[in-house]
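Note: the block below is target-v3.pdb and it holds PDB, N, CA and C atoms.
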ATOM      1  N   MET A   9      -0.972  19.610  -1.328
ATOM      2  CA  MET A   9       0.040  18.633  -1.680
ATOM      3  C   MET A   9      -0.651  17.476  -2.403
ATOM      4  N   GLN A  10      -0.172  17.116  -3.566
ATOM      5  CA  GLN A  10      -0.756  16.053  -4.378
ATOM      6  C   GLN A  10       0.142  14.820  -4.332
ATOM      7  N   PHE A  11      -0.439  13.647  -4.100
ATOM      8  CA  PHE A  11       0.318  12.405  -4.057
ATOM      9  C   PHE A  11      -0.036  11.533  -5.254
ATOM     10  N   LYS A  12       0.872  10.676  -5.611
ATOM     11  CA  LYS A  12       0.673   9.768  -6.739
ATOM     12  C   LYS A  12      -0.368   8.716  -6.390
ATOM     13  N   ASP A  13      -1.033   8.189  -7.426
ATOM     14  CA  ASP A  13      -1.957   7.076  -7.237
ATOM     15  C   ASP A  13      -1.173   5.775  -7.237
ATOM     16  N   LEU A  14      -1.714   4.790  -6.545
ATOM     17  CA  LEU A  14      -1.117   3.455  -6.582
ATOM     18  C   LEU A  14      -1.433   2.818  -7.932
ATOM     19  N   GLU A  15      -0.446   2.230  -8.547
ATOM     20  CA  GLU A  15      -0.648   1.505  -9.794
ATOM     21  C   GLU A  15      -0.355   0.037  -9.534
ATOM     22  N   TRP A  16      -1.268  -0.817  -9.966
ATOM     23  CA  TRP A  16      -1.171  -2.241  -9.699
ATOM     24  C   TRP A  16      -0.757  -3.007 -10.945
ATOM     25  N   LYS A  17       0.073  -4.003 -10.762
ATOM     26  CA  LYS A  17       0.440  -4.945 -11.825
ATOM     27  C   LYS A  17      -0.135  -6.297 -11.404
ATOM     28  N   ASP A  18      -1.143  -6.748 -12.146
ATOM     29  CA  ASP A  18      -1.825  -8.001 -11.823
ATOM     30  C   ASP A  18      -1.269  -9.149 -12.650
ATOM     31  N   VAL A  19      -1.182 -10.317 -12.020
ATOM     32  CA  VAL A  19      -0.839 -11.558 -12.707
ATOM     33  C   VAL A  19      -2.107 -12.410 -12.692
ATOM     34  N   VAL A  20      -2.583 -12.774 -13.894
ATOM     35  CA  VAL A  20      -3.838 -13.506 -14.019
ATOM     36  C   VAL A  20      -3.556 -14.918 -14.517
ATOM     37  N   SER A  21      -4.232 -15.889 -13.888
ATOM     38  CA  SER A  21      -4.132 -17.285 -14.314
ATOM     39  C   SER A  21      -5.532 -17.882 -14.259
ATOM     40  N   ASP A  22      -5.939 -18.502 -15.331
ATOM     41  CA  ASP A  22      -7.275 -19.103 -15.434
ATOM     42  C   ASP A  22      -8.376 -18.107 -15.093
ATOM     43  N   GLY A  23      -8.211 -16.862 -15.533
ATOM     44  CA  GLY A  23      -9.223 -15.844 -15.329
ATOM     45  C   GLY A  23      -9.289 -15.269 -13.928
ATOM     46  N   ARG A  24      -8.367 -15.635 -13.074
ATOM     47  CA  ARG A  24      -8.361 -15.142 -11.693
ATOM     48  C   ARG A  24      -7.042 -14.441 -11.420
ATOM     49  N   ILE A  25      -7.111 -13.313 -10.703
ATOM     50  CA  ILE A  25      -5.884 -12.629 -10.294
ATOM     51  C   ILE A  25      -5.243 -13.457  -9.189
ATOM     52  N   VAL A  26      -4.035 -13.924  -9.431
ATOM     53  CA  VAL A  26      -3.333 -14.754  -8.448
ATOM     54  C   VAL A  26      -2.279 -13.962  -7.686
ATOM     55  N   CYS A  27      -1.894 -12.825  -8.241
ATOM     56  CA  CYS A  27      -0.883 -12.002  -7.598
ATOM     57  C   CYS A  27      -1.035 -10.576  -8.119
ATOM     58  N   SER A  28      -0.831  -9.620  -7.238
ATOM     59  CA  SER A  28      -0.872  -8.226  -7.636
ATOM     60  C   SER A  28       0.202  -7.487  -6.848
ATOM     61  N   HIS A  29       0.801  -6.501  -7.500
ATOM     62  CA  HIS A  29       1.910  -5.782  -6.891
ATOM     63  C   HIS A  29       1.736  -4.294  -7.145
ATOM     64  N   GLY A  30       1.849  -3.512  -6.092
ATOM     65  CA  GLY A  30       1.793  -2.060  -6.201
ATOM     66  C   GLY A  30       2.939  -1.461  -5.412
ATOM     67  N   GLU A  31       3.584  -0.474  -5.988
ATOM     68  CA  GLU A  31       4.751   0.122  -5.343
ATOM     69  C   GLU A  31       4.781   1.614  -5.630
ATOM     70  N   ILE A  32       5.222   2.373  -4.645
ATOM     71  CA  ILE A  32       5.351   3.808  -4.843
ATOM     72  C   ILE A  32       6.609   4.283  -4.135
ATOM     73  N   SER A  33       7.319   5.166  -4.785
ATOM     74  CA  SER A  33       8.525   5.751  -4.216
ATOM     75  C   SER A  33       8.409   7.264  -4.336
ATOM     76  N   LEU A  34       8.547   7.943  -3.223
ATOM     77  CA  LEU A  34       8.437   9.393  -3.205
ATOM     78  C   LEU A  34       9.802  10.015  -2.955
ATOM     79  N   CYS A  35      10.292  10.693  -3.941
ATOM     80  CA  CYS A  35      11.570  11.413  -3.846
ATOM     81  C   CYS A  35      12.731  10.498  -3.448
ATOM     82  N   GLY A  36      12.594   9.223  -3.635
ATOM     83  CA  GLY A  36      13.676   8.291  -3.336
ATOM     84  C   GLY A  36      13.896   8.016  -1.862
ATOM     85  N   TRP A  37      13.149   8.665  -0.976
ATOM     86  CA  TRP A  37      13.381   8.437   0.452
ATOM     87  C   TRP A  37      12.217   7.780   1.166
ATOM     88  N   ILE A  38      11.066   7.692   0.521
ATOM     89  CA  ILE A  38       9.933   6.957   1.078
ATOM     90  C   ILE A  38       9.503   5.935   0.036
ATOM     91  N   LYS A  39       9.527   4.672   0.424
ATOM     92  CA  LYS A  39       9.099   3.616  -0.489
ATOM     93  C   LYS A  39       8.067   2.757   0.232
ATOM     94  N   ILE A  40       6.940   2.568  -0.425
ATOM     95  CA  ILE A  40       5.880   1.716   0.095
ATOM     96  C   ILE A  40       5.587   0.669  -0.968
ATOM     97  N   GLU A  41       5.523  -0.574  -0.541
ATOM     98  CA  GLU A  41       5.282  -1.670  -1.476
ATOM     99  C   GLU A  41       4.178  -2.562  -0.925
ATOM    100  N   PHE A  42       3.251  -2.942  -1.808
ATOM    101  CA  PHE A  42       2.162  -3.841  -1.447
ATOM    102  C   PHE A  42       2.191  -5.051  -2.366
ATOM    103  N   LYS A  43       1.986  -6.214  -1.781
ATOM    104  CA  LYS A  43       1.858  -7.448  -2.558
ATOM    105  C   LYS A  43       0.592  -8.161  -2.096
ATOM    106  N   ILE A  44      -0.164  -8.630  -3.071
ATOM    107  CA  ILE A  44      -1.377  -9.391  -2.790
ATOM    108  C   ILE A  44      -1.221 -10.742  -3.475
ATOM    109  N   ASN A  45      -1.325 -11.794  -2.697
ATOM    110  CA  ASN A  45      -1.220 -13.149  -3.236
ATOM    111  C   ASN A  45      -2.493 -13.919  -2.917
ATOM    112  N   HIS A  46      -2.965 -14.691  -3.891
ATOM    113  CA  HIS A  46      -4.132 -15.538  -3.660
ATOM    114  C   HIS A  46      -3.662 -16.834  -3.007
ATOM    115  N   GLU A  47      -4.307 -17.189  -1.907
ATOM    116  CA  GLU A  47      -4.010 -18.435  -1.196
ATOM    117  C   GLU A  47      -5.132 -19.418  -1.522
ATOM    118  N   PRO A  48      -4.859 -20.370  -2.446
ATOM    119  CA  PRO A  48      -5.943 -21.242  -2.913
ATOM    120  C   PRO A  48      -6.537 -22.145  -1.824
ATOM    121  N   GLU A  49      -5.741 -22.557  -0.856
ATOM    122  CA  GLU A  49      -6.262 -23.454   0.184
ATOM    123  C   GLU A  49      -7.352 -22.780   1.019
ATOM    124  N   GLU A  50      -7.175 -21.495   1.305
ATOM    125  CA  GLU A  50      -8.165 -20.749   2.085
ATOM    126  C   GLU A  50      -9.111 -19.950   1.193
ATOM    127  N   ASP A  51      -8.783 -19.859  -0.098
ATOM    128  CA  ASP A  51      -9.502 -19.021  -1.055
ATOM    129  C   ASP A  51      -9.588 -17.581  -0.550
ATOM    130  N   LYS A  52      -8.453 -17.082  -0.058
ATOM    131  CA  LYS A  52      -8.333 -15.714   0.457
ATOM    132  C   LYS A  52      -7.181 -15.011  -0.250
ATOM    133  N   TYR A  53      -7.242 -13.692  -0.234
ATOM    134  CA  TYR A  53      -6.154 -12.869  -0.756
ATOM    135  C   TYR A  53      -5.374 -12.312   0.423
ATOM    136  N   MET A  54      -4.077 -12.524   0.419
ATOM    137  CA  MET A  54      -3.202 -12.089   1.496
ATOM    138  C   MET A  54      -2.519 -10.787   1.078
ATOM    139  N   LEU A  55      -2.702  -9.743   1.884
ATOM    140  CA  LEU A  55      -2.095  -8.445   1.619
ATOM    141  C   LEU A  55      -0.848  -8.289   2.479
ATOM    142  N   TYR A  56       0.280  -8.094   1.811
ATOM    143  CA  TYR A  56       1.543  -7.835   2.478
ATOM    144  C   TYR A  56       1.914  -6.380   2.218
ATOM    145  N   ALA A  57       2.333  -5.674   3.263
ATOM    146  CA  ALA A  57       2.735  -4.274   3.121
ATOM    147  C   ALA A  57       4.172  -4.126   3.617
ATOM    148  N   PHE A  58       4.994  -3.459   2.799
ATOM    149  CA  PHE A  58       6.397  -3.255   3.129
ATOM    150  C   PHE A  58       6.696  -1.767   3.104
ATOM    151  N   GLY A  59       7.422  -1.323   4.073
ATOM    152  CA  GLY A  59       7.802   0.077   4.194
ATOM    153  C   GLY A  59       8.355   0.293   5.589
ATOM    154  N   LYS A  60       8.379   1.526   6.005
ATOM    155  CA  LYS A  60       8.890   1.834   7.341
ATOM    156  C   LYS A  60       7.746   2.192   8.270
ATOM    157  N   GLY A  61       7.963   1.974   9.545
ATOM    158  CA  GLY A  61       7.006   2.401  10.557
ATOM    159  C   GLY A  61       5.674   1.709  10.479
ATOM    160  N   SER A  62       4.608   2.513  10.489
ATOM    161  CA  SER A  62       3.250   1.973  10.558
ATOM    162  C   SER A  62       2.803   1.287   9.268
ATOM    163  N   VAL A  63       3.558   1.444   8.189
ATOM    164  CA  VAL A  63       3.195   0.810   6.917
ATOM    165  C   VAL A  63       3.455  -0.691   6.964
ATOM    166  N   ARG A  64       4.570  -1.065   7.551
ATOM    167  CA  ARG A  64       5.010  -2.466   7.555
ATOM    168  C   ARG A  64       4.046  -3.343   8.346
ATOM    169  N   ARG A  65       3.708  -4.462   7.788
ATOM    170  CA  ARG A  65       2.845  -5.442   8.445
ATOM    171  C   ARG A  65       3.636  -6.722   8.659
ATOM    172  N   LEU A  66       3.735  -7.158   9.910
ATOM    173  CA  LEU A  66       4.468  -8.385  10.199
ATOM    174  C   LEU A  66       3.681  -9.615   9.771
ATOM    175  N   GLN A  67       2.371  -9.533   9.858
ATOM    176  CA  GLN A  67       1.494 -10.611   9.419
ATOM    177  C   GLN A  67       0.616 -10.084   8.282
ATOM    178  N   PRO A  68       0.371 -10.905   7.265
ATOM    179  CA  PRO A  68      -0.490 -10.434   6.167
ATOM    180  C   PRO A  68      -1.933 -10.293   6.624
ATOM    181  N   GLU A  69      -2.647  -9.382   5.978
ATOM    182  CA  GLU A  69      -4.078  -9.238   6.214
ATOM    183  C   GLU A  69      -4.806 -10.142   5.224
ATOM    184  N   LYS A  70      -5.843 -10.851   5.684
ATOM    185  CA  LYS A  70      -6.623 -11.736   4.823
ATOM    186  C   LYS A  70      -7.867 -11.003   4.334
ATOM    187  N   HIS A  71      -8.138 -11.153   3.019
ATOM    188  CA  HIS A  71      -9.305 -10.527   2.407
ATOM    189  C   HIS A  71      -9.997 -11.526   1.497
ATOM    190  N   GLY A  72     -11.306 -11.375   1.358
ATOM    191  CA  GLY A  72     -12.091 -12.279   0.534
ATOM    192  C   GLY A  72     -11.960 -12.035  -0.953
ATOM    193  N   THR A  73     -11.653 -10.796  -1.342
ATOM    194  CA  THR A  73     -11.515 -10.462  -2.762
ATOM    195  C   THR A  73     -10.257  -9.627  -2.960
ATOM    196  N   VAL A  74      -9.781  -9.616  -4.190
ATOM    197  CA  VAL A  74      -8.609  -8.802  -4.506
ATOM    198  C   VAL A  74      -8.960  -7.318  -4.390
ATOM    199  N   GLU A  75     -10.204  -6.953  -4.704
ATOM    200  CA  GLU A  75     -10.628  -5.562  -4.585
ATOM    201  C   GLU A  75     -10.597  -5.103  -3.126
ATOM    202  N   SER A  76     -11.031  -5.963  -2.231
ATOM    203  CA  SER A  76     -10.996  -5.647  -0.805
ATOM    204  C   SER A  76      -9.555  -5.458  -0.324
ATOM    205  N   ALA A  77      -8.657  -6.304  -0.793
ATOM    206  CA  ALA A  77      -7.241  -6.187  -0.426
ATOM    207  C   ALA A  77      -6.644  -4.897  -0.981
ATOM    208  N   LYS A  78      -6.992  -4.551  -2.211
ATOM    209  CA  LYS A  78      -6.492  -3.299  -2.800
ATOM    210  C   LYS A  78      -7.045  -2.087  -2.062
ATOM    211  N   ASN A  79      -8.300  -2.151  -1.643
ATOM    212  CA  ASN A  79      -8.881  -1.053  -0.867
ATOM    213  C   ASN A  79      -8.163  -0.888   0.468
ATOM    214  N   ALA A  80      -7.820  -2.001   1.105
ATOM    215  CA  ALA A  80      -7.073  -1.939   2.367
ATOM    216  C   ALA A  80      -5.687  -1.347   2.137
ATOM    217  N   ALA A  81      -5.043  -1.727   1.034
ATOM    218  CA  ALA A  81      -3.724  -1.168   0.704
ATOM    219  C   ALA A  81      -3.839   0.330   0.469
ATOM    220  N   TYR A  82      -4.881   0.759  -0.229
ATOM    221  CA  TYR A  82      -5.071   2.182  -0.477
ATOM    222  C   TYR A  82      -5.299   2.935   0.835
ATOM    223  N   ARG A  83      -6.032   2.321   1.772
ATOM    224  CA  ARG A  83      -6.261   2.929   3.083
ATOM    225  C   ARG A  83      -4.942   3.103   3.835
ATOM    226  N   ILE A  84      -4.096   2.068   3.829
ATOM    227  CA  ILE A  84      -2.787   2.143   4.479
ATOM    228  C   ILE A  84      -1.955   3.248   3.842
ATOM    229  N   TYR A  85      -1.929   3.269   2.518
ATOM    230  CA  TYR A  85      -1.172   4.279   1.775
ATOM    231  C   TYR A  85      -1.690   5.686   2.088
ATOM    232  N   SER A  86      -3.006   5.879   2.060
ATOM    233  CA  SER A  86      -3.596   7.189   2.322
ATOM    234  C   SER A  86      -3.278   7.677   3.734
ATOM    235  N   ASN A  87      -3.363   6.770   4.707
ATOM    236  CA  ASN A  87      -3.040   7.142   6.085
ATOM    237  C   ASN A  87      -1.585   7.582   6.214
ATOM    238  N   GLU A  88      -0.688   6.873   5.559
ATOM    239  CA  GLU A  88       0.734   7.222   5.616
ATOM    240  C   GLU A  88       0.998   8.554   4.916
ATOM    241  N   MET A  89       0.367   8.779   3.779
ATOM    242  CA  MET A  89       0.553  10.039   3.060
ATOM    243  C   MET A  89      -0.021  11.213   3.853
ATOM    244  N   GLU A  90      -1.131  11.004   4.530
ATOM    245  CA  GLU A  90      -1.703  12.062   5.363
ATOM    246  C   GLU A  90      -0.767  12.381   6.532
ATOM    247  N   ARG A  91      -0.165  11.360   7.113
ATOM    248  CA  ARG A  91       0.793  11.569   8.203
ATOM    249  C   ARG A  91       1.989  12.384   7.711
ATOM    250  N   ILE A  92       2.482  12.064   6.519
ATOM    251  CA  ILE A  92       3.612  12.789   5.936
ATOM    252  C   ILE A  92       3.206  14.229   5.631
ATOM    253  N   LYS A  93       2.008  14.402   5.084
ATOM    254  CA  LYS A  93       1.521  15.751   4.758
ATOM    255  C   LYS A  93       1.448  16.615   6.014
ATOM    256  N   ARG A  94       0.928  16.048   7.106
ATOM    257  CA  ARG A  94       0.857  16.814   8.357
ATOM    258  C   ARG A  94       2.246  17.214   8.836
ATOM    259  N   ALA A  95       3.215  16.313   8.720
ATOM    260  CA  ALA A  95       4.586  16.625   9.139
ATOM    261  C   ALA A  95       5.181  17.735   8.285
ATOM    262  N   VAL A  96       4.980  17.655   6.966
ATOM    263  CA  VAL A  96       5.505  18.688   6.059
ATOM    264  C   VAL A  96       4.829  20.024   6.349
ATOM    265  N   ASP A  97       3.504  20.012   6.503
ATOM    266  CA  ASP A  97       2.784  21.251   6.805
ATOM    267  C   ASP A  97       3.273  21.868   8.109
ATOM    268  N   TYR A  98       3.545  21.049   9.098
ATOM    269  CA  TYR A  98       4.037  21.540  10.384
ATOM    270  C   TYR A  98       5.388  22.237  10.214
ATOM    271  N   PHE A  99       6.306  21.594   9.476
ATOM    272  CA  PHE A  99       7.629  22.167   9.293
ATOM    273  C   PHE A  99       7.567  23.449   8.453
ATOM    274  N   VAL A 100       6.725  23.477   7.440
ATOM    275  CA  VAL A 100       6.604  24.645   6.580
ATOM    276  C   VAL A 100       5.972  25.817   7.359
ATOM    277  N   SER A 101       4.925  25.539   8.118
ATOM    278  CA  SER A 101       4.257  26.605   8.868
ATOM    279  C   SER A 101       5.111  27.105  10.035
ATOM    280  N   ASP A 102       6.002  26.256  10.514
ATOM    281  CA  ASP A 102       6.888  26.629  11.618
ATOM    282  C   ASP A 102       8.052  27.499  11.146
ATOM    283  N   GLY A 103       8.236  27.565   9.814
ATOM    284  CA  GLY A 103       9.280  28.406   9.241
ATOM    285  C   GLY A 103      10.671  27.844   9.356
ATOM    286  N   CYS A 104      10.786  26.541   9.599
ATOM    287  CA  CYS A 104      12.131  25.977   9.753
ATOM    288  C   CYS A 104      12.721  25.540   8.426
ATOM    289  N   CYS A 105      11.967  25.535   7.372
ATOM    290  CA  CYS A 105      12.491  25.073   6.074
ATOM    291  C   CYS A 105      12.592  26.201   5.077
TER     292      CYS A 105
END

Would you put the structure from the file into structure tokens?
Amino acid sequence: MQFKDLEWKDVVSDGRIVCSHGEISLCGWIKIEFKINHEPEEDKYMLYAFGKGSVRRLQPEKHGTVESAKNAAYRIYSNEMERIKRAVDYFVSDGCC
């Protein structure tokens, strides 16, 4: 099973990424959205994750760089896709579909 890559849309101001947004929708029934905002007072990047279940984060994760925040988002996305893959494989191997 092949999954789509996350594509990021960065907003740059004064040579620094101040906001980044990545979103993926699978077959219209699974949507995962990530937002990364730079917090100038703390000089940290805040990662917000939106979706259902284990994807959703009630509190943002703080990261020192935008790359670190994107890597964390990719980890969250990969874990969720692996969980979905296991569920699909289970249903297919069980012969119920």

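Distance-wise, CA of Tyr56 (chain A) and CA of Ser33 (chain A) end up 16.7 Å apart.
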
I'd like the residues picked by the PyMOL selection byres (((chain A and resi 73 and name CA) around 10) and name CA) written out as a ChimeraX atom specification, using the chain letters and numbers from the file. /A:25,46,51-54,70-72,74-79

Now that the selection is made, can you save its residues with N, CA and C atoms as a CSV table (one decimal), in the frame of the given file?
chain,number,residue,atom,x,y,z
A,25,ILE,N,-7.1,-13.3,-10.7
A,25,ILE,CA,-5.9,-12.6,-10.3
A,25,ILE,C,-5.2,-13.5,-9.2
A,46,HIS,N,-3.0,-14.7,-3.9
A,46,HIS,CA,-4.1,-15.5,-3.7
A,46,HIS,C,-3.7,-16.8,-3.0
A,51,ASP,N,-8.8,-19.9,-0.1
A,51,ASP,CA,-9.5,-19.0,-1.1
A,51,ASP,C,-9.6,-17.6,-0.6
A,52,LYS,N,-8.5,-17.1,-0.1
A,52,LYS,CA,-8.3,-15.7,0.5
A,52,LYS,C,-7.2,-15.0,-0.2
A,53,TYR,N,-7.2,-13.7,-0.2
A,53,TYR,CA,-6.2,-12.9,-0.8
A,53,TYR,C,-5.4,-12.3,0.4
A,54,MET,N,-4.1,-12.5,0.4
A,54,MET,CA,-3.2,-12.1,1.5
A,54,MET,C,-2.5,-10.8,1.1
A,70,LYS,N,-5.8,-10.9,5.7
A,70,LYS,CA,-6.6,-11.7,4.8
A,70,LYS,C,-7.9,-11.0,4.3
A,71,HIS,N,-8.1,-11.2,3.0
A,71,HIS,CA,-9.3,-10.5,2.4
A,71,HIS,C,-10.0,-11.5,1.5
A,72,GLY,N,-11.3,-11.4,1.4
A,72,GLY,CA,-12.1,-12.3,0.5
A,72,GLY,C,-12.0,-12.0,-1.0
A,74,VAL,N,-9.8,-9.6,-4.2
A,74,VAL,CA,-8.6,-8.8,-4.5
A,74,VAL,C,-9.0,-7.3,-4.4
A,75,GLU,N,-10.2,-7.0,-4.7
A,75,GLU,CA,-10.6,-5.6,-4.6
A,75,GLU,C,-10.6,-5.1,-3.1
A,76,SER,N,-11.0,-6.0,-2.2
A,76,SER,CA,-11.0,-5.6,-0.8
A,76,SER,C,-9.6,-5.5,-0.3
A,77,ALA,N,-8.7,-6.3,-0.8
A,77,ALA,CA,-7.2,-6.2,-0.4
A,77,ALA,C,-6.6,-4.9,-1.0
A,78,LYS,N,-7.0,-4.6,-2.2
A,78,LYS,CA,-6.5,-3.3,-2.8
A,78,LYS,C,-7.0,-2.1,-2.1
A,79,ASN,N,-8.3,-2.2,-1.6
A,79,ASN,CA,-8.9,-1.1,-0.9
A,79,ASN,C,-8.2,-0.9,0.5

Enumerate the residues of region 17-104 of chain A with a DSSP assignment of strand (DSSP E or B), computed from the backbone, and present them as a count of residues only.
36

If you count only C-alpha atoms, the residue of A:Ile44, A:Cys27, A:Val19, A:Val63 closest to Ser86 (chain A) turns out to be A:Val63

To one decimal in Å, tell me the separation between CA of Lys43 (chain A) and CA of Ala81 (chain A).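 A separation of 9.0 Å between them.
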
The distance between CA of Arg94 (chain A) and atom C of Gly30 (chain A) is 23.0 Å

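Every polymer residue reaching to within 6.5 Å of (4.2, -2.9, -2.8), counting only N, CA and C atoms, appears in this list: His29, Gly30, Glu31, Ile32, Ile40, Glu41, Phe42, Lys43, Ala57 and Phe58 of chain A.
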
Write out the residues from the selection above, keeping N, CA and C atoms, as a PDB file, in the frame of the given file.
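This is the output file again_23.pdb:
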ATOM      1  N   HIS A  29       0.801  -6.501  -7.500  1.00  0.00           N
ATOM      2  CA  HIS A  29       1.910  -5.782  -6.891  1.00  0.00           C
ATOM      3  C   HIS A  29       1.736  -4.294  -7.145  1.00  0.00           C
ATOM      4  N   GLY A  30       1.849  -3.512  -6.092  1.00  0.00           N
ATOM      5  CA  GLY A  30       1.793  -2.060  -6.201  1.00  0.00           C
ATOM      6  C   GLY A  30       2.939  -1.461  -5.412  1.00  0.00           C
ATOM      7  N   GLU A  31       3.584  -0.474  -5.988  1.00  0.00           N
ATOM      8  CA  GLU A  31       4.751   0.122  -5.343  1.00  0.00           C
ATOM      9  C   GLU A  31       4.781   1.614  -5.630  1.00  0.00           C
ATOM     10  N   ILE A  32       5.222   2.373  -4.645  1.00  0.00           N
ATOM     11  CA  ILE A  32       5.351   3.808  -4.843  1.00  0.00           C
ATOM     12  C   ILE A  32       6.609   4.283  -4.135  1.00  0.00           C
ATOM     13  N   ILE A  40       6.940   2.568  -0.425  1.00  0.00           N
ATOM     14  CA  ILE A  40       5.880   1.716   0.095  1.00  0.00           C
ATOM     15  C   ILE A  40       5.587   0.669  -0.968  1.00  0.00           C
ATOM     16  N   GLU A  41       5.523  -0.574  -0.541  1.00  0.00           N
ATOM     17  CA  GLU A  41       5.282  -1.670  -1.476  1.00  0.00           C
ATOM     18  C   GLU A  41       4.178  -2.562  -0.925  1.00  0.00           C
ATOM     19  N   PHE A  42       3.251  -2.942  -1.808  1.00  0.00           N
ATOM     20  CA  PHE A  42       2.162  -3.841  -1.447  1.00  0.00           C
ATOM     21  C   PHE A  42       2.191  -5.051  -2.366  1.00  0.00           C
ATOM     22  N   LYS A  43       1.986  -6.214  -1.781  1.00  0.00           N
ATOM     23  CA  LYS A  43       1.858  -7.448  -2.558  1.00  0.00           C
ATOM     24  C   LYS A  43       0.592  -8.161  -2.096  1.00  0.00           C
ATOM     25  N   ALA A  57       2.333  -5.674   3.263  1.00  0.00           N
ATOM     26  CA  ALA A  57       2.735  -4.274   3.121  1.00  0.00           C
ATOM     27  C   ALA A  57       4.172  -4.126   3.617  1.00  0.00           C
ATOM     28  N   PHE A  58       4.994  -3.459   2.799  1.00  0.00           N
ATOM     29  CA  PHE A  58       6.397  -3.255   3.129  1.00  0.00           C
ATOM     30  C   PHE A  58       6.696  -1.767   3.104  1.00  0.00           C
TER      31      PHE A  58
END

*From the DSSP assignment of the backbone, select every residue of chain A that is alpha helix (DSSP H), and format the answer as JSON, numbers by chain.*
{"A": [74, 75, 76, 77, 78, 79, 80, 81, 82, 83, 84, 85, 86, 87, 88, 89, 90, 91, 92, 93, 94, 95, 96, 97, 98, 99, 100, 101]}

Kindly list the centre and edge lengths in Å, rounded to one decimal, for the axis-aligned box that covers all listed atoms of region 75-78 of chain A plus 4 Å on each of its six sides, as AutoDock Vina command-line options.
--center_x -8.8 --center_y -4.5 --center_z -2.5 --size_x 12.5 --size_y 12.9 --size_z 12.4

Notebook entry, point to check: Once you count all atoms listed in the file, which residues end up no further than 5 Å from (-1.5, -5.1, -10.4) in the file's frame, shown as a list in words?
Noted result: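 Those within range, by chain then number, are Trp16, Lys17, Asp18, Ser28 and His29 of chain A.
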
Of the candidates A:Pro68, A:Lys39, A:Phe99, A:Leu34, which shows the shortest atom-to-atom distance to Ala80 (chain A), using only C-alpha atoms?
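Answer, going by the shortest atom-to-atom distance: A:Pro68.
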